[in-house]
Structure formats: structure tokens, C-alpha cells
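Asker: Quick one: the structure is below, questions incoming.
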Amino acid sequence: MHLRDLIDLVDLRPSELTDILRFAGEISQNPSYYRGSCQHKIMATLFYEPSTRTKMSFQAAMLRLGGKLIGFDDPGNTSVKKGESLKDTVRVTSNYADVLVIRSPWEGAALAASFYTRCPVINAGDGGHLHPTQTLTDLTTLNYTVGRLENLTVGLCGDNKNGRTVHSLVRTLSRYKNNRFVLISTPQLTLPQYLQDEITANGCIVEFSESLEDALPTLDVLYMTRIQKERFASPEEYERQKGVFVLDAAKLAIAKPGLRILHPLPRVDEITVDVDEDSRAAYFAQTEYGLYARMALIQRITEHSDRCVTKTLASTHDAQCLNPRCITQNEVYLPHLFYETAAGLVCRYCDHGV
Ligand code: NCD
């Protein structure tokens with residue numbers, strides 16, 4: 001396998017995804033066996049947005065594979081402060097590293113970066129768009145704790161509109177057979193239409209609920225998420241949405257004994273601490289599976305030492321993406337890239353319709 005980048009999991013062939021998940025399982029059985037796999041390799045973590053788990057699990061994964069680290073987690077301490085473009089920053093840092101891991105508040109930033117690097121790029125979260133390595137973490141957790149990725153009823157509760165972990169998860173999990181997604185949120189925070197359409201186009205079922213209690217008894221998996229405060233237009237709007245869905249131990253009385261509760265973390269108030277000791281809570285174990293998933297990904301993505309050449313791309317259309325959070329709004333030199341759907345042109349960076 002020769003992975004160039006990981007921007008979105010649906011870019012991988014099903015066999016490549018299966019291989020990474022299988023390899024993550026293998027690593028978890030004997031992590032120290034792989035301690036020299038990335039000796040002499042360097043990973044650069046370019047974090048333009050806050051992170052605890054994603055950044056540290058990437059770093060720990062590379063260190064456990066015997067590799068080394070460079071990077072930043074405060075762009076204010078870098079030449080970004082002097083006005084350097086994303087293109088220049090990644091072009092230069094890709095001369096220093098064998099793989100770049102990027103997190104940005106801008107949707108489509110990792111894809112944009114991948115056009116200008118001489119080494120692979122991993123998307124560690126691009127605004128409210130996607131977070132593919134959290135999905136690798138989630139799928140590894142499901143493999144371990146439920147034992148299958150198909151025939152599942154999965155409740156997604158919280159901020160389905162802005163939660164990039166939810167977007168990547170439904171995009172990927174709907175490619176497995178017979179999964180049913182119960183979207184539990186307020187109408188304001190429902191899953192973007194393009195993702196609802198994608199789930200049904202993949203042959204899976206979408207249902208909606210505004211009550212966690214009503215949905216709970218049917219679920220095999222409950223994926224809770226934080227209301228994404230930083231993506232809201234005003235503090236008042238956030239105040240109206242926060243605290244609507246809270247999972248506590250009392251509510252779990254009506255859930256299946258085999259339910260698994262996942263959360264990408266950090267949690268704010270959507271799961272009370274009395275749930276932590278319930279055997280169905282898998283969110284802390286999930287952080288450990290994330291380490292193995294990232295070890296597997298880094299190993300696979302860096303195993304070919306040949307450097308890739310940067311691509312030159314031309315705009316595909318004259319149109320301009322109007323999503324204010326799209327990377328093309330901030331990095332104006334980027335080619336305008338769109339794909340065509342029955343509903344019209346869609347921006348390749350952020351998946352917003354024009
Ligand atoms: C998530 C993220 O950054 O999108 N956290 C993570 O990576 N584990 C979820 C969140 O911040 O709510």
C-alpha cells in the first residue's frame with residue numbers, strides 16, 4: 001500500500017482502510033514490537049487550533065514507533081504571525097519532515113496543504129468539516145468493544161451540525177452494510193444535508209430524534225459530542241443549545257446491556273461523571289485505541305521513503321465558494337475546485353454547495 005495523504009477516509013480504497021484497522025489491532029497486541037518502525041523518520045505537527053488528545057496521541061504514536069517530532073501548537077509563535085501563507089509554511093516544513101499532521105480552523109485546509117508538500121499530509125481536523133483520524137480511532141474502538149462495523153444502530157447526539165468527528169464517522173460508517181443512524185439533536189444542530197444524502201445513497205437508514213430517552217433503548221452505539229462553542233456565530237446562540245442533551249446514569253437504565261458509549265472528548269457537561277464507571281462507557285478506552293490507530297496510520301503513510309513531488313493544479317470552474325469558513329476565503333491563491341452533483345456545483349475543499 002502507498003498512501004499519499006489522509007484528508008478524508010473515503011479517499012482510501014476499502015482494502016486500505018481494512019488494512020489500517022487490522023494493523024491497529026495487531027499493534028495493540030504487542031506495541032513494543034513496532035518501536036523501531038519509524039526510526040530516522042520525522043513527523044511535523046502543525047496545529048493552528050487547540051488540541052489535547054489528537055496532538056498528543058499523534059506525538060506519542062510517532063515516539064512509540066521510534067520516530068522524532070517537530071512542529072508548533074501556537075501559530076502566533078511562527079511566521080504565520082508575519083503573514084506567511086499556508087502554502088509557504090507547508091512547502092517549507094515538508095522539506096524538514098517525512099509526514100505533516102495539520103489541524104486548522106479552516107475547512108479544507110489539509111486538502112489545500114497537500115497540494116504544496118513534498119511529503120504526505122494527515123488531516124487532524126479542518127474546522128467543522130472532517131476529522132478522519134478520530135474516525136480511525138472510533139472504528140478501532142468499535143472493532144474491539146462491539147466486534148463489528150455493520151448491522152449497527154448508532155445514535156449521534158449533540159452537535160451534528162458542527163461536529164467534524166460526526167461528519168467523518170457517518171461518511172465512513174455508512175459504507176458498511178446495514179447501519180442505521182439515529183440523529184439526536186435540536187433542529188438547529190442537525191447533520192448537514194449533504195451527509196444525510198450520502199448516508200441514504202450508501203444504502204443506510206437515517207432517523208431523527210429530539211429525545212435521548214426515546215432513542216436510547218434501540219441503540220447499539222451512542223456517540224455523544226460536545227456542542228462546538230467555537231463554531232457559533234454568537235455566545236447567545238451557544239447558550240440556547242448547550243445542556244439540551246445530557247446522558248446520566250439514570251437514563252442508562254433503559255439502554256441495552258451491550259450498548260457502547262463513545263465520545264471523541266473533550267466532554268463538557270453532556271455526560272455526567274456517574275456514567276464513567278458503567279461498563280458500557282468506552283470513551284476513555286477509546287483514547288488508547290486512538291494511539292494504536294495512529295501508530296498504524298503513521299507507519300503505513302511513511303513506509304515509502306520516496307518523496308512525492310508537489311502537484312500543480314488549475315481551477316476547475318470560475319465559481320467561488322461562498323462558505324465563510326472555507327480555506328479558499330483565507331488563502332486566495334488556491335485554485336477553485338468543484339465537483340458536480342445533481343444539486344449543482346460543490347466545493348472540493350469544504351463540501352459546501354455553491
Ligand atoms: C474533537 C475535535 O477536535 O473535533 N476532539 C478530538 O479531536 N478528540 C471533538 C471536540 O473538540 O469536541
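Residues are named by chain letter and number: chains run A, B, ... in the order of the C-alpha cells, numbers start at 1 in each chain, and ligands are numbered from 1 in the order shown.
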With only C-alpha atoms as the counted atoms, please give the residues lying no more than 8 Å from Ile70 in chain A, apart from itself and same-chain residues fewer than 2 positions off, as a list in words.
Answerer: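 Near neighbours after the sequence-gap exclusion: Ile42, Met43, Ala44, Thr45, Lys68, Phe72 and Ala97 of chain A.
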Asker: Please list as a PyMOL selection string every residue within 12 Å of Leu156 in chain A, counting only C-alpha atoms and excluding residues in the same chain fewer than 6 positions away.
Answerer: chain A and resi 163+165-167+169-170+180-186+189-191+206-212+215-216+219-226+245+261-264
Asker: Can you tell me, as a ChimeraX atom specification, which residues in range 160-235 of chain A count as strand (DSSP E or B) by DSSP?
Answerer: /A:180-184,205-209,221-224
Asker: Counting only C-alpha atoms and all ligand atoms, which protein, DNA or RNA residues come within 9 Å of ligand 1, given as a compact mmCIF listing (two decimals) with N, CA and C atoms, in the first residue's frame?
Answerer:
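Okay, result_16.txt is ready:
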```txt
# COMPACT_ATOMS: atom_id res chain seq x y z
N GLU A 49 -5.00 25.17 15.80
CA GLU A 49 -6.19 25.17 16.66
C GLU A 49 -5.88 24.34 17.90
N PRO A 50 -6.54 24.60 19.06
CA PRO A 50 -6.23 23.84 20.28
C PRO A 50 -6.47 22.34 20.13
N SER A 51 -5.70 21.56 20.88
CA SER A 51 -5.86 20.10 20.86
C SER A 51 -5.16 19.51 22.08
N THR A 52 -5.74 18.48 22.64
CA THR A 52 -5.05 17.71 23.69
C THR A 52 -4.77 16.32 23.15
N ARG A 53 -5.85 15.54 22.93
CA ARG A 53 -5.72 14.13 22.53
C ARG A 53 -5.12 13.94 21.15
N THR A 54 -5.63 14.67 20.17
CA THR A 54 -5.18 14.40 18.80
C THR A 54 -3.69 14.67 18.68
N LYS A 55 -3.28 15.84 19.18
CA LYS A 55 -1.86 16.19 19.05
C LYS A 55 -0.99 15.23 19.85
N ARG A 103 -3.83 20.56 11.81
CA ARG A 103 -5.16 20.92 12.31
C ARG A 103 -5.36 22.41 12.08
N ALA A 124 -5.78 16.44 10.68
CA ALA A 124 -6.08 16.22 12.10
C ALA A 124 -7.26 17.09 12.53
N GLY A 125 -8.12 17.46 11.56
CA GLY A 125 -9.30 18.27 11.84
C GLY A 125 -9.23 19.57 11.06
N ASP A 126 -10.21 19.78 10.14
CA ASP A 126 -10.25 21.03 9.37
C ASP A 126 -11.56 21.75 9.66
N GLY A 127 -11.51 22.65 10.64
CA GLY A 127 -12.71 23.40 11.05
C GLY A 127 -13.83 22.45 11.42
N GLY A 128 -15.05 22.80 11.01
CA GLY A 128 -16.21 21.97 11.32
C GLY A 128 -16.47 20.93 10.24
N LEU A 130 -14.15 17.84 8.70
CA LEU A 130 -13.83 16.41 8.86
C LEU A 130 -12.72 16.19 9.88
N HIS A 131 -12.66 14.95 10.37
CA HIS A 131 -11.62 14.56 11.34
C HIS A 131 -11.36 13.06 11.16
N THR A 133 -8.86 10.95 11.43
CA THR A 133 -8.13 10.05 12.35
C THR A 133 -8.92 9.80 13.63
N GLN A 134 -9.89 10.71 13.93
CA GLN A 134 -10.80 10.37 15.04
C GLN A 134 -11.68 9.20 14.62
N ASP A 159 -23.90 17.94 18.82
CA ASP A 159 -23.72 18.92 17.75
C ASP A 159 -23.40 18.22 16.43
N ASN A 162 -21.94 20.93 13.55
CA ASN A 162 -20.55 21.42 13.54
C ASN A 162 -19.52 20.37 13.94
N GLY A 163 -19.96 19.21 14.37
CA GLY A 163 -19.03 18.20 14.88
C GLY A 163 -18.32 17.46 13.75
N ARG A 164 -17.05 17.80 13.54
CA ARG A 164 -16.31 17.18 12.43
C ARG A 164 -16.10 15.68 12.66
N THR A 165 -16.06 15.26 13.94
CA THR A 165 -15.89 13.83 14.21
C THR A 165 -17.13 13.06 13.75
N VAL A 166 -18.30 13.67 13.93
CA VAL A 166 -19.56 13.05 13.49
C VAL A 166 -19.57 12.93 11.97
N THR A 225 -21.46 14.01 21.62
CA THR A 225 -20.49 15.07 21.28
C THR A 225 -20.80 16.36 22.03
N ARG A 226 -19.77 17.13 22.19
CA ARG A 226 -19.82 18.46 22.81
C ARG A 226 -20.46 19.44 21.83
N ILE A 227 -21.22 20.41 22.35
CA ILE A 227 -21.69 21.50 21.48
C ILE A 227 -20.46 22.36 21.17
N GLN A 228 -20.20 22.56 19.88
CA GLN A 228 -18.92 23.14 19.43
C GLN A 228 -18.96 24.68 19.55
N LYS A 229 -18.76 25.14 20.77
CA LYS A 229 -18.88 26.57 21.11
C LYS A 229 -18.14 27.48 20.11
N HIS A 263 -17.29 8.88 22.82
CA HIS A 263 -17.24 10.35 22.81
C HIS A 263 -15.81 10.70 22.37
N PRO A 264 -15.66 11.61 21.40
CA PRO A 264 -14.29 11.93 20.97
C PRO A 264 -13.51 12.67 22.05
N LEU A 265 -14.25 13.25 23.03
CA LEU A 265 -13.68 14.08 24.08
C LEU A 265 -13.02 15.34 23.46
N PRO A 266 -12.94 16.47 24.11
CA PRO A 266 -13.29 16.68 25.50
C PRO A 266 -14.80 16.73 25.75
N ARG A 267 -15.19 16.26 26.96
CA ARG A 267 -16.61 16.42 27.32
C ARG A 267 -16.74 17.71 28.11
N VAL A 268 -17.90 18.31 28.03
CA VAL A 268 -18.17 19.50 28.84
C VAL A 268 -19.19 19.09 29.90
N THR A 287 -9.54 6.47 23.80
CA THR A 287 -8.31 7.27 23.64
C THR A 287 -7.09 6.37 23.46
```
Asker: I'd like the neighbourhood of Leu139 in chain A as an NGL selection string, where a residue qualifies if any of its atoms comes within 8 Å (using only C-alpha atoms), though same-chain residues fewer than 4 positions away should be ignored.
Answerer: :A and (21 or 135 or 143 or 149)
Asker: For Lys41 in chain A, work out the shell of residues within 9 Å, counting only C-alpha atoms and skipping chain neighbours fewer than 6 positions away, then give it as number ranges by chain.
Answerer: A: 62, 66-69, 97-99, 302
